[in-house]
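Chemist: You'll find structure.tsv just under this line, and it carries TSV, C-alpha atoms.
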chain	number	residue	atom	x	y	z
Q	295	MET	CA	0.00	0.00	0.00
Q	296	ALA	CA	1.40	3.39	-0.95
Q	297	ALA	CA	2.31	5.94	1.71
Q	298	ALA	CA	0.00	8.87	2.41
Q	299	PRO	CA	0.96	12.11	0.67
Q	300	ALA	CA	2.49	14.92	2.77
Q	301	THR	CA	0.15	17.69	3.90
Q	302	SER	CA	1.17	21.30	3.19
Q	303	ILE	CA	0.62	24.21	5.60
Q	304	HIS	CA	-1.28	27.05	4.00
Q	305	GLY	CA	0.02	30.26	5.52
Q	306	PRO	CA	-0.04	31.76	9.02
Q	307	SER	CA	-3.06	31.53	11.31
Q	308	ALA	CA	-2.70	35.08	12.70
Q	309	PRO	CA	-1.26	38.37	11.42
Q	310	PRO	CA	2.41	38.92	12.27
Q	311	ALA	CA	3.39	41.56	14.82
Q	312	ASN	CA	5.31	43.67	12.29
Q	313	MET	CA	2.27	44.25	10.08
Q	314	PHE	CA	1.21	47.35	12.04
Q	315	ASP	CA	2.59	50.73	10.99
Q	316	THR	CA	3.78	53.40	13.41
Q	317	VAL	CA	1.24	56.22	13.63
Q	318	PRO	CA	2.41	59.50	15.22
Q	319	GLY	CA	0.72	59.93	18.59
Q	320	TYR	CA	-0.08	56.21	18.84
Q	321	GLU	CA	3.42	54.75	19.22
Q	322	GLY	CA	2.51	52.59	22.23
Q	323	THR	CA	-0.50	50.96	20.58
Q	324	ILE	CA	-0.32	47.18	20.32
Q	325	ALA	CA	-2.57	44.54	18.80
Q	326	GLY	CA	-5.29	43.30	21.13
Q	327	GLY	CA	-4.91	46.22	23.54
Q	328	GLY	CA	-2.94	46.04	26.77
Q	329	GLY	CA	-0.85	49.12	25.98
Q	330	GLY	CA	-2.09	50.96	29.05
Q	331	TYR	CA	-4.31	54.00	29.47
Q	332	LEU	CA	-3.32	57.27	27.84
Q	333	PRO	CA	-2.68	60.24	30.15
Q	334	PRO	CA	-5.24	63.00	29.54
Q	335	LEU	CA	-4.36	66.43	28.22
Q	336	SER	CA	-3.55	69.02	30.86
Q	337	VAL	CA	-6.78	70.74	31.86
Q	338	PRO	CA	-6.75	73.77	34.17
Q	339	VAL	CA	-8.69	73.21	37.37
Q	340	PRO	CA	-11.45	75.79	37.79
Q	341	VAL	CA	-11.61	77.41	41.21
Q	342	PRO	CA	-15.16	78.15	42.43
Q	343	GLU	CA	-15.73	81.59	43.91
Q	344	GLN	CA	-16.56	80.15	47.31
Q	345	ALA	CA	-16.95	76.84	49.05
Q	346	PRO	CA	-20.44	75.41	49.60
Q	347	SER	CA	-22.15	76.82	52.68
Q	348	SER	CA	-22.37	74.55	55.71
Q	349	PRO	CA	-25.85	73.07	56.17
Q	350	ASN	CA	-27.75	72.85	59.43
Q	351	TRP	CA	-26.51	69.61	60.99
Q	352	HIS	CA	-29.69	68.33	62.67
Q	353	ILE	CA	-29.14	65.00	64.44
Q	354	PRO	CA	-32.43	63.06	64.90
Q	355	CYS	CA	-33.20	60.91	67.95
Q	356	ILE	CA	-35.79	58.21	68.65
Q	357	SER	CA	-38.13	58.12	71.64
Q	358	GLU	CA	-38.57	55.32	74.18
Q	359	ASP	CA	-41.89	54.39	72.59
Q	360	GLN	CA	-40.26	54.07	69.18
Q	361	ALA	CA	-37.40	52.02	70.60
Q	362	ARG	CA	-39.88	49.68	72.27
Q	363	ASP	CA	-41.94	49.32	69.06
Q	364	PHE	CA	-38.87	48.48	66.95
Q	365	PHE	CA	-37.78	45.97	69.60
Q	366	ALA	CA	-41.21	44.31	69.55
Q	367	THR	CA	-41.18	44.03	65.75
Q	368	TYR	CA	-37.73	42.45	65.85
Q	369	VAL	CA	-38.71	39.88	68.49
Q	370	SER	CA	-41.93	38.96	66.69
Q	371	SER	CA	-39.87	38.05	63.60
Q	372	LYS	CA	-37.97	35.40	65.62
Q	373	CYS	CA	-39.90	32.16	66.00
Q	374	CYS	CA	-37.91	31.10	69.08
Q	375	TYR	CA	-37.99	34.41	70.97
Q	376	SER	CA	-40.39	34.93	73.84
Q	377	SER	CA	-42.03	38.37	73.99
Q	378	ASP	CA	-41.79	38.56	77.78
Q	379	PRO	CA	-38.69	40.84	77.83
Q	380	VAL	CA	-40.50	43.25	75.48
Q	381	LYS	CA	-43.65	43.36	77.61
Q	382	GLU	CA	-42.00	43.26	81.03
Q	383	GLY	CA	-38.62	44.88	80.41
Q	384	VAL	CA	-38.01	48.40	81.71
Q	385	ILE	CA	-35.82	50.81	79.72
Q	386	THR	CA	-33.28	52.36	82.07
Q	387	ASN	CA	-31.17	54.40	79.65
Q	388	MET	CA	-30.84	55.31	75.97
Q	389	GLU	CA	-27.59	56.52	74.38
Q	390	SER	CA	-27.06	57.89	70.87
Q	391	PHE	CA	-23.89	56.88	69.05
Q	392	ASN	CA	-24.27	58.53	65.68
Q	393	THR	CA	-22.01	57.23	62.93
Q	394	TYR	CA	-21.13	59.29	59.87
Q	395	ARG	CA	-20.30	57.76	56.52
Q	396	VAL	CA	-18.33	59.89	54.06
Q	397	ARG	CA	-18.68	58.80	50.42
Q	398	PRO	CA	-16.66	60.65	47.75
Q	399	THR	CA	-17.33	59.64	44.15
Q	400	THR	CA	-15.29	60.65	41.10
Q	401	PHE	CA	-16.72	60.20	37.61
Q	402	MET	CA	-13.93	59.77	35.07
Q	403	GLU	CA	-13.13	59.17	31.44
Q	404	SER	CA	-10.22	57.00	30.36
Q	405	ARG	CA	-8.90	56.30	26.88
Q	406	SER	CA	-6.79	53.47	25.48
Q	407	THR	CA	-5.97	52.28	21.97
Q	408	GLU	CA	-5.40	49.00	20.19
Q	409	TRP	CA	-4.60	47.81	16.69
Q	410	SER	CA	-7.51	45.93	15.14
Q	411	GLN	CA	-8.07	44.16	11.87
Q	412	LYS	CA	-10.85	42.71	9.76
Q	413	PRO	CA	-11.07	41.10	6.32
Q	414	TYR	CA	-10.34	43.58	3.54
Q	415	THR	CA	-13.27	43.79	1.13
Q	416	GLY	CA	-12.47	47.06	-0.61
Q	417	GLN	CA	-13.07	49.48	2.26
Q	418	PRO	CA	-11.54	52.99	1.98
Q	419	VAL	CA	-7.87	53.18	3.01
Q	420	ASP	CA	-6.98	56.56	4.57
Q	421	ALA	CA	-3.65	56.05	6.36
Q	422	GLY	CA	-1.22	58.84	5.40
Q	423	VAL	CA	-3.87	61.05	3.80
Q	424	GLN	CA	-3.35	63.40	6.74
Q	425	PHE	CA	-2.21	63.17	10.34
Q	426	ALA	CA	-4.46	61.15	12.60
Q	427	PRO	CA	-6.10	63.18	15.41
Q	428	GLY	CA	-4.65	62.56	18.87
Q	429	PRO	CA	-6.42	60.17	21.24
Q	430	TRP	CA	-7.82	63.05	23.31
Q	431	GLN	CA	-8.76	65.14	20.25
Q	432	ILE	CA	-11.49	62.73	19.14
Q	433	ALA	CA	-14.94	63.81	20.30
Q	434	ALA	CA	-16.81	61.47	22.67
Q	435	GLN	CA	-19.52	62.28	25.21
Q	436	PRO	CA	-20.80	60.28	28.19
Q	437	LEU	CA	-24.46	59.34	28.32
Q	438	ALA	CA	-24.81	61.06	31.70
Q	439	PHE	CA	-22.70	61.80	34.76
Q	440	PHE	CA	-22.12	58.80	37.03
Q	441	GLN	CA	-23.43	56.36	34.43
Q	442	GLU	CA	-20.92	53.74	33.29
Q	443	HIS	CA	-20.51	53.35	29.56
Q	444	LYS	CA	-17.98	52.17	26.98
Q	445	GLN	CA	-17.52	53.29	23.38
Q	446	THR	CA	-15.17	52.03	20.67
Q	447	ILE	CA	-14.24	54.54	17.97
Q	448	LYS	CA	-12.25	53.84	14.81
Q	449	VAL	CA	-9.44	56.41	14.65
Q	450	PRO	CA	-9.53	58.34	11.33
Q	451	TYR	CA	-6.53	58.18	9.00
Q	452	THR	CA	-5.09	54.95	10.45
Q	453	SER	CA	-6.61	52.38	8.07
Q	454	SER	CA	-4.34	50.52	5.69
Q	455	ASN	CA	-4.59	47.47	3.45
Q	456	CYS	CA	-2.18	44.89	4.80
Q	457	HIS	CA	-0.25	42.85	2.21
Q	458	VAL	CA	2.22	41.46	4.77
Q	459	PHE	CA	-0.30	38.76	5.70
Q	460	LEU	CA	0.62	36.57	2.73
Q	461	GLY	CA	-1.55	33.57	3.56
Q	462	MET	CA	-3.65	31.48	1.24
Q	463	GLY	CA	-6.87	32.28	3.08
Q	464	ARG	CA	-6.99	28.79	4.62
Q	465	ASN	CA	-5.56	27.05	7.67
Q	466	PRO	CA	-4.96	23.39	8.53
Q	467	CYS	CA	-8.12	21.66	9.71
Q	468	THR	CA	-8.10	21.43	13.50
Q	469	THR	CA	-10.35	18.34	13.46
Q	470	CYS	CA	-8.14	16.06	11.44
Q	471	ALA	CA	-4.97	18.20	11.70
Q	472	GLY	CA	-4.50	17.71	7.99
Q	473	LYS	CA	-4.08	13.96	8.46
Q	474	PHE	CA	-7.26	12.95	6.71
Q	475	CYS	CA	-7.65	9.56	5.05
Q	476	TRP	CA	-5.64	9.64	1.87
Q	477	VAL	CA	-7.53	6.70	0.35
Q	478	CYS	CA	-10.96	8.41	0.30
Q	479	ASN	CA	-9.59	11.96	0.65
Q	480	GLY	CA	-11.45	12.37	3.93
Q	481	SER	CA	-14.92	11.79	2.47
Q	482	GLY	CA	-15.37	8.42	4.18
Q	483	TYR	CA	-16.64	6.82	0.97
Q	484	HIS	CA	-15.36	5.64	-2.39
Q	485	GLN	CA	-16.79	6.83	-5.65
Q	486	SER	CA	-19.09	3.81	-5.62
Q	487	ASP	CA	-20.66	5.11	-2.37
Q	488	ASP	CA	-19.14	2.20	-0.52
Q	489	ARG	CA	-17.74	2.91	2.95
Q	490	CYS	CA	-13.98	3.35	2.89
Q	491	MET	CA	-12.37	0.33	4.48
Q	492	HIS	CA	-9.13	2.20	5.24
Q	493	CYS	CA	-10.68	4.75	7.68
Q	494	ASN	CA	-13.89	2.77	8.33
Q	495	GLY	CA	-15.91	5.64	6.89
Q	496	HIS	CA	-14.78	8.22	9.44
Q	497	GLY	CA	-13.14	10.64	6.98
Q	498	CYS	CA	-13.39	14.33	8.13
Q	499	SER	CA	-16.70	16.17	8.06
Q	500	SER	CA	-15.13	19.50	9.03
Q	501	CYS	CA	-12.94	19.95	5.97
Q	502	SER	CA	-14.55	17.40	3.61
Q	503	GLY	CA	-11.17	15.83	3.11
Q	504	SER	CA	-9.36	18.98	1.98
Q	505	GLY	CA	-7.21	19.13	5.12
Q	506	THR	CA	-7.79	22.89	5.42
Q	507	ARG	CA	-10.52	25.28	6.58
Q	508	GLN	CA	-11.24	28.90	5.83
Q	509	CYS	CA	-9.03	31.29	7.82
Q	510	ASP	CA	-10.95	32.83	10.73
Q	511	THR	CA	-8.82	36.01	10.58
Q	512	CYS	CA	-9.21	37.06	6.94
Q	513	HIS	CA	-12.33	34.97	6.17
Q	514	GLY	CA	-10.60	33.64	3.09
Q	515	LYS	CA	-10.00	37.13	1.63
Q	516	ARG	CA	-6.17	36.78	1.97
Q	517	GLN	CA	-5.89	40.48	2.85
Q	518	LEU	CA	-6.62	42.48	6.00
Q	519	LEU	CA	-7.70	46.04	6.74
Q	520	VAL	CA	-5.74	47.16	9.81
Q	521	PHE	CA	-6.63	50.25	11.84
Q	522	ILE	CA	-6.49	51.72	15.34
Q	523	ASN	CA	-9.47	51.59	17.68
Q	524	LEU	CA	-9.92	54.10	20.48
Q	525	ILE	CA	-11.62	52.62	23.56
Q	526	VAL	CA	-13.33	55.25	25.71
Q	527	LYS	CA	-14.62	54.27	29.16
Q	528	TRP	CA	-16.71	56.32	31.55
Q	529	TYR	CA	-16.85	55.04	35.10
Q	530	ASP	CA	-16.84	56.09	38.73
Q	531	ASP	CA	-15.15	54.92	41.90
Q	532	LEU	CA	-17.51	53.95	44.72
Q	533	HIS	CA	-15.01	52.00	46.80
Q	534	ASP	CA	-13.65	54.78	48.99
Q	535	LYS	CA	-15.60	55.60	52.13
Q	536	HIS	CA	-14.95	56.49	55.73
Q	537	LEU	CA	-16.88	55.63	58.88
Q	538	SER	CA	-16.55	57.88	61.91
Q	539	GLN	CA	-18.07	55.97	64.81
Q	540	ALA	CA	-18.12	56.31	68.57
Q	541	SER	CA	-17.61	53.13	70.57
Q	542	SER	CA	-21.19	51.91	70.89
Q	543	GLY	CA	-20.49	48.18	71.03
Q	544	LEU	CA	-22.36	47.47	67.78
Q	545	ARG	CA	-20.29	45.52	65.28
Q	546	VAL	CA	-19.14	47.62	62.30
Q	547	GLU	CA	-20.18	44.97	59.76
Q	548	ASN	CA	-23.82	45.54	60.74
Q	549	LEU	CA	-23.62	49.09	59.37
Q	550	GLY	CA	-22.96	47.88	55.83
Q	551	LYS	CA	-26.49	46.43	55.77
Q	552	VAL	CA	-28.31	49.72	56.37
Q	553	SER	CA	-28.63	53.11	54.74
Q	554	GLY	CA	-28.23	56.47	56.42
Q	555	LYS	CA	-29.87	59.85	56.43
Q	556	GLU	CA	-28.30	62.17	53.86
Q	557	LEU	CA	-26.94	65.18	55.72
Q	558	PHE	CA	-24.81	66.74	53.01
Q	559	LYS	CA	-24.37	66.37	49.25
Q	560	ASP	CA	-22.20	68.39	46.90
Q	561	ALA	CA	-21.58	67.76	43.19
Q	562	GLN	CA	-19.40	69.83	40.87
Q	563	TYR	CA	-16.30	69.51	38.72
Q	564	MET	CA	-14.03	69.49	41.78
Q	565	VAL	CA	-15.60	69.23	45.24
Q	566	TYR	CA	-14.32	70.94	48.36
Q	567	PRO	CA	-13.61	69.20	51.68
Q	568	VAL	CA	-16.61	69.67	53.95
Q	569	ARG	CA	-16.35	72.48	56.49
Q	570	GLY	CA	-18.04	73.15	59.80
Q	571	PHE	CA	-19.08	69.58	60.53
Q	572	PRO	CA	-19.69	68.92	64.26
Q	573	ASP	CA	-17.47	65.81	64.18
Q	574	VAL	CA	-13.91	66.99	63.49
Q	575	PHE	CA	-12.89	63.52	62.29
Q	576	VAL	CA	-15.47	63.70	59.50
Q	577	GLY	CA	-13.94	66.95	58.27
Q	578	GLN	CA	-10.46	65.40	58.32
Q	579	ALA	CA	-11.65	62.31	56.46
Q	580	SER	CA	-13.38	64.46	53.84
Q	581	GLU	CA	-10.22	66.48	53.25
Q	582	ARG	CA	-8.09	63.34	52.90
Q	583	LEU	CA	-10.48	61.50	50.58
Q	584	VAL	CA	-11.05	64.51	48.31
Q	585	ARG	CA	-7.31	65.11	48.01
Q	586	ASP	CA	-6.60	61.42	47.35
Q	587	HIS	CA	-9.19	61.25	44.57
Q	588	GLN	CA	-7.84	64.30	42.77
Q	589	VAL	CA	-4.24	63.06	42.95
Q	590	LYS	CA	-4.95	59.39	42.21
Q	591	TYR	CA	-7.14	59.74	39.13
Q	592	ALA	CA	-5.79	62.87	37.44
Q	593	GLN	CA	-2.71	60.95	36.23
Q	594	THR	CA	-4.54	58.34	34.15
Q	595	SER	CA	-8.06	59.66	33.63
Q	596	LEU	CA	-9.93	62.83	32.87
Q	597	ILE	CA	-12.06	63.87	35.85
Q	598	LEU	CA	-15.49	64.99	34.63
Q	599	GLN	CA	-17.46	65.35	37.85
Q	600	GLN	CA	-17.09	64.73	41.57
Q	601	ARG	CA	-19.70	64.12	44.21
Q	602	GLN	CA	-19.41	64.01	47.99
Q	603	MET	CA	-22.05	62.71	50.36
Q	604	ILE	CA	-22.19	62.49	54.14
Q	605	GLU	CA	-24.74	60.17	55.70
Q	606	LEU	CA	-25.78	59.85	59.30
Q	607	ILE	CA	-26.31	56.28	60.42
Q	608	PRO	CA	-28.19	56.68	63.71
Q	609	ILE	CA	-27.34	54.15	66.42
Q	610	THR	CA	-29.29	54.05	69.66
Q	611	LYS	CA	-28.07	51.83	72.48
Q	612	VAL	CA	-31.00	50.84	74.68
Q	613	ASN	CA	-30.28	49.55	78.19
Q	614	TYR	CA	-33.14	47.71	79.89
Q	615	MET	CA	-33.81	45.52	82.92
Q	616	TRP	CA	-35.69	42.23	82.91
Q	617	ASN	CA	-35.88	39.72	85.78
Q	618	VAL	CA	-33.53	41.93	87.78
Q	619	LYS	CA	-30.79	41.64	85.14
Q	620	PRO	CA	-29.45	44.29	82.71
Q	621	TYR	CA	-29.56	43.75	78.95
Q	622	VAL	CA	-28.85	45.78	75.82
Q	623	TYR	CA	-30.18	46.08	72.29
Q	624	TYR	CA	-29.40	48.47	69.43
Q	625	VAL	CA	-31.63	50.31	66.98
Q	626	TYR	CA	-29.70	51.55	63.93
Q	627	GLY	CA	-29.94	52.80	60.35
Q	628	ASN	CA	-32.76	54.35	58.36
Q	629	GLU	CA	-34.44	50.95	58.43
Q	630	PHE	CA	-34.42	50.92	62.27
Q	631	LYS	CA	-32.88	47.49	62.37
Q	632	VAL	CA	-32.45	45.90	65.80
Q	633	ASN	CA	-29.51	43.91	67.10
Q	634	ALA	CA	-29.93	41.99	70.35
Q	635	ASP	CA	-27.17	39.42	70.66
Q	636	ASP	CA	-27.83	38.86	74.39
Q	637	TYR	CA	-31.62	38.51	74.17
Q	638	PRO	CA	-32.53	36.69	77.40
Q	639	ALA	CA	-35.61	34.66	76.40
Q	640	THR	CA	-34.78	32.29	73.56
Q	641	CYS	CA	-35.51	28.63	73.19
Q	642	CYS	CA	-34.27	25.86	70.95
Q	643	CYS	CA	-36.97	24.39	68.71
Q	644	SER	CA	-36.91	22.04	65.78
Q	645	VAL	CA	-39.37	21.16	63.05
Q	646	MET	CA	-40.38	17.48	63.16
Turn the structure described in the file into structure tokens.
Modeler:
Amino acid sequence: MAAAPATSIHGPSAPPANMFDTVPGYEGTIAGGGGGYLPPLSVPVPVPEQAPSSPNWHIPCISEDQARDFFATYVSSKCCYSSDPVKEGVITNMESFNTYRVRPTTFMESRSTEWSQKPYTGQPVDAGVQFAPGPWQIAAQPLAFFQEHKQTIKVPYTSSNCHVFLGMGRNPCTTCAGKFCWVCNGSGYHQSDDRCMHCNGHGCSSCSGSGTRQCDTCHGKRQLLVFINLIVKWYDDLHDKHLSQASSGLRVENLGKVSGKELFKDAQYMVYPVRGFPDVFVGQASERLVRDHQVKYAQTSLILQQRQMIELIPITKVNYMWNVKPYVYYVYGNEFKVNADDYPATCCCSVM
């Protein structure tokens, strides 16, 4: 039996790295992205005529009746809690431990570039017609402030018809790796429609015995249009926050589950640190966070808008007596959640 014929390799499966021209202003652009974000153009920082006026910091409190009602609602939601401490317990003291949450938010725009390609089918080629506009000279607008969005823009005057990619428009078949049955040429059958005894009729359905498939990069066109894409992203940073809390005894992780009362909100191109707040640590945290945001993001992104919010998360520590013993529960947040880790009248029950 004669030996199977050798299979030839029909060109590269991806465009070579040296196919991309150097475009002034886009020297760091690489194929597939990953070249890093482009520093924004220097923009002068506007200085407002005056800082925002200090609001009236009104700190709300709850009454004993409210504290007792919230406690009763909490206990009634627990199937194994007796209501006796709610009915018979006597409140001896209530203490407010107000916690302030400072939330600065910076809405930014970042730009990056990447070389892209697609099959050439006669599209206009404009590279070299004139200088391509710089990455920050191309117009792009966000949908709205503090709304994340991404836009990909083809950079004008960077498109060229690539002839370096000298493939045949086909690649070796990945199913049979070009090692199809040479007796039936991968069809699985002889001309008489009889099953091929050499490959038992398996052949190769992916390439019909040719050993190659159409190139996924050029779609069989054997030429590529290469160009630069500009990727514009609008996003904000919600991770930074500061909690200023007196030592109430309530675990800090509980506060992440509740909202607070908005005491202060300021939004403009560049926000000021808050002034005149009754808690000096809140003012210090505001100054630090605002400064950090302006320094951290101005190097890689264009700051479009900043927002600063201060919330009050009310915490009331309620001390009460029941059966001649002292106990404590907490009422906290806008939702008036209750925490009572040492509730004295619980039982263990199981569902049969």
Chemist: Using atom CA of Gly383 of chain Q and atom CA of Lys631 of chain Q as the two end points, give the distance in Å to one decimal.
Modeler: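 Answer for the atom CA of Gly383 of chain Q to atom CA of Lys631 of chain Q separation: 19.1 Å.
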Chemist: Could you please determine the separation between atom CA of Val369 of chain Q and atom CA of Gln539 of chain Q in Å, to one decimal place?
Modeler: 26.4 Å
Chemist: Report, in Å with one decimal, the straight-line distance from atom CA of Ser376 of chain Q to atom CA of Phe391 of chain Q.
Modeler: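 Atom-to-atom, atom CA of Ser376 of chain Q and atom CA of Phe391 of chain Q are spaced 27.9 Å apart.
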Chemist: Write out as a PDB file with C-alpha atoms, keeping the file's coordinate frame each polymer residue whose atoms come within 10 Å of Ser553 of chain Q, counting only C-alpha atoms; drop sequence neighbours fewer than 5 positions from it.
Modeler:
ATOM      1  CA  ARG Q 395     -20.300  57.760  56.520  1.00  0.00           C
ATOM      2  CA  GLU Q 605     -24.740  60.170  55.700  1.00  0.00           C
ATOM      3  CA  LEU Q 606     -25.780  59.850  59.300  1.00  0.00           C
ATOM      4  CA  ILE Q 607     -26.310  56.280  60.420  1.00  0.00           C
ATOM      5  CA  PRO Q 608     -28.190  56.680  63.710  1.00  0.00           C
ATOM      6  CA  TYR Q 626     -29.700  51.550  63.930  1.00  0.00           C
ATOM      7  CA  GLY Q 627     -29.940  52.800  60.350  1.00  0.00           C
ATOM      8  CA  ASN Q 628     -32.760  54.350  58.360  1.00  0.00           C
ATOM      9  CA  GLU Q 629     -34.440  50.950  58.430  1.00  0.00           C
ATOM     10  CA  PHE Q 630     -34.420  50.920  62.270  1.00  0.00           C
TER      11      PHE Q 630
END
Chemist: Which residue out of Q:Arg405, Q:Thr452, Q:Ile609, Q:Ala361 has the minimum interatomic distance to Val546 of chain Q when only C-alpha atoms are used?
Modeler: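 Using only C-alpha atoms, the shortest distance to Val546 of chain Q belongs to Q:Ile609.
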Chemist: Which is closest to Phe425 of chain Q among Q:Pro334, Q:Gly543, Q:Pro450, Q:Gly577, if we use all atoms listed in the file?
Modeler: Q:Pro450
Chemist: Which is closer to Pro379 of chain Q than all the others in Q:Cys475, Q:Ala634, Q:Cys512, Q:Ile604, using only C-alpha atoms?
Modeler: Q:Ala634
Chemist: Return the single residue from Q:Leu437, Q:Val520, Q:Val589, Q:Leu544 that is closest to Val632 of chain Q, with distances computed using all atoms listed in the file.
Modeler: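 Checking each of Q:Leu437, Q:Val520, Q:Val589, Q:Leu544 against Val632 of chain Q, counting all atoms listed in the file, the winner is Q:Leu544.
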Chemist: Return the single residue from Q:Val576, Q:Val526, Q:Leu518, Q:Ile597 that is closest to Ala434 of chain Q, with distances computed using only C-alpha atoms.
Modeler: Q:Val526
Chemist: Ranking Q:Asn523, Q:Thr446, Q:Gln441, Q:Gln360 by minimum distance to Ser410 of chain Q and counting all atoms listed in the file, which one comes first?
Modeler: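 That would be Q:Asn523, the residue with the smallest distance to Ser410 of chain Q.
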Chemist: For Ser404 of chain Q, work out the shell of residues within 12 Å, counting all atoms listed in the file and skipping chain neighbours fewer than 5 positions away, then give it as an MDAnalysis selection string.
Modeler: chainID Q and resid 330:335 429:430 434:436 442:446 524:530 591:598
Chemist: Find the spatial neighbours of Glu382 of chain Q, counting only C-alpha atoms, within a cut-off of 12 Å - ignore same-chain residues fewer than 6 positions away - and output them as a PyMOL selection string.
Modeler: chain Q and resi 362+366+376+614-618+639
Chemist: Name the residues, using the chain letters and numbers of the file, that sit within 12 Å of (-7.8, 65.8, 47.8) when counting all atoms listed in the file, and give them as a PyMOL selection string.
Modeler: chain Q and resi 398-400+564-568+578-592+600+602
Chemist: Taking C-alpha atoms for each residue, export the selection above as an mmCIF file, in the frame of the given file.
Modeler:
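Resulting contents of part08.cif:
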data_model
loop_
_atom_site.group_PDB
_atom_site.id
_atom_site.type_symbol
_atom_site.label_atom_id
_atom_site.label_comp_id
_atom_site.auth_asym_id
_atom_site.auth_seq_id
_atom_site.Cartn_x
_atom_site.Cartn_y
_atom_site.Cartn_z
ATOM 1 C CA PRO Q 398 -16.660 60.650 47.750
ATOM 2 C CA THR Q 399 -17.330 59.640 44.150
ATOM 3 C CA THR Q 400 -15.290 60.650 41.100
ATOM 4 C CA MET Q 564 -14.030 69.490 41.780
ATOM 5 C CA VAL Q 565 -15.600 69.230 45.240
ATOM 6 C CA TYR Q 566 -14.320 70.940 48.360
ATOM 7 C CA PRO Q 567 -13.610 69.200 51.680
ATOM 8 C CA VAL Q 568 -16.610 69.670 53.950
ATOM 9 C CA GLN Q 578 -10.460 65.400 58.320
ATOM 10 C CA ALA Q 579 -11.650 62.310 56.460
ATOM 11 C CA SER Q 580 -13.380 64.460 53.840
ATOM 12 C CA GLU Q 581 -10.220 66.480 53.250
ATOM 13 C CA ARG Q 582 -8.090 63.340 52.900
ATOM 14 C CA LEU Q 583 -10.480 61.500 50.580
ATOM 15 C CA VAL Q 584 -11.050 64.510 48.310
ATOM 16 C CA ARG Q 585 -7.310 65.110 48.010
ATOM 17 C CA ASP Q 586 -6.600 61.420 47.350
ATOM 18 C CA HIS Q 587 -9.190 61.250 44.570
ATOM 19 C CA GLN Q 588 -7.840 64.300 42.770
ATOM 20 C CA VAL Q 589 -4.240 63.060 42.950
ATOM 21 C CA LYS Q 590 -4.950 59.390 42.210
ATOM 22 C CA TYR Q 591 -7.140 59.740 39.130
ATOM 23 C CA ALA Q 592 -5.790 62.870 37.440
ATOM 24 C CA GLN Q 600 -17.090 64.730 41.570
ATOM 25 C CA GLN Q 602 -19.410 64.010 47.990
#
Chemist: How big is the axis-aligned box, and where does its centre sit, when it encloses all atoms of segment 354-371 of chain Q listed in the file and has 4 Å added on every side, reported in Å to one decimal as lines of an AutoDock Vina configuration file?
Modeler:
center_x = -37.2
center_y = 50.6
center_z = 68.9
size_x = 17.5
size_y = 33.0
size_z = 18.6
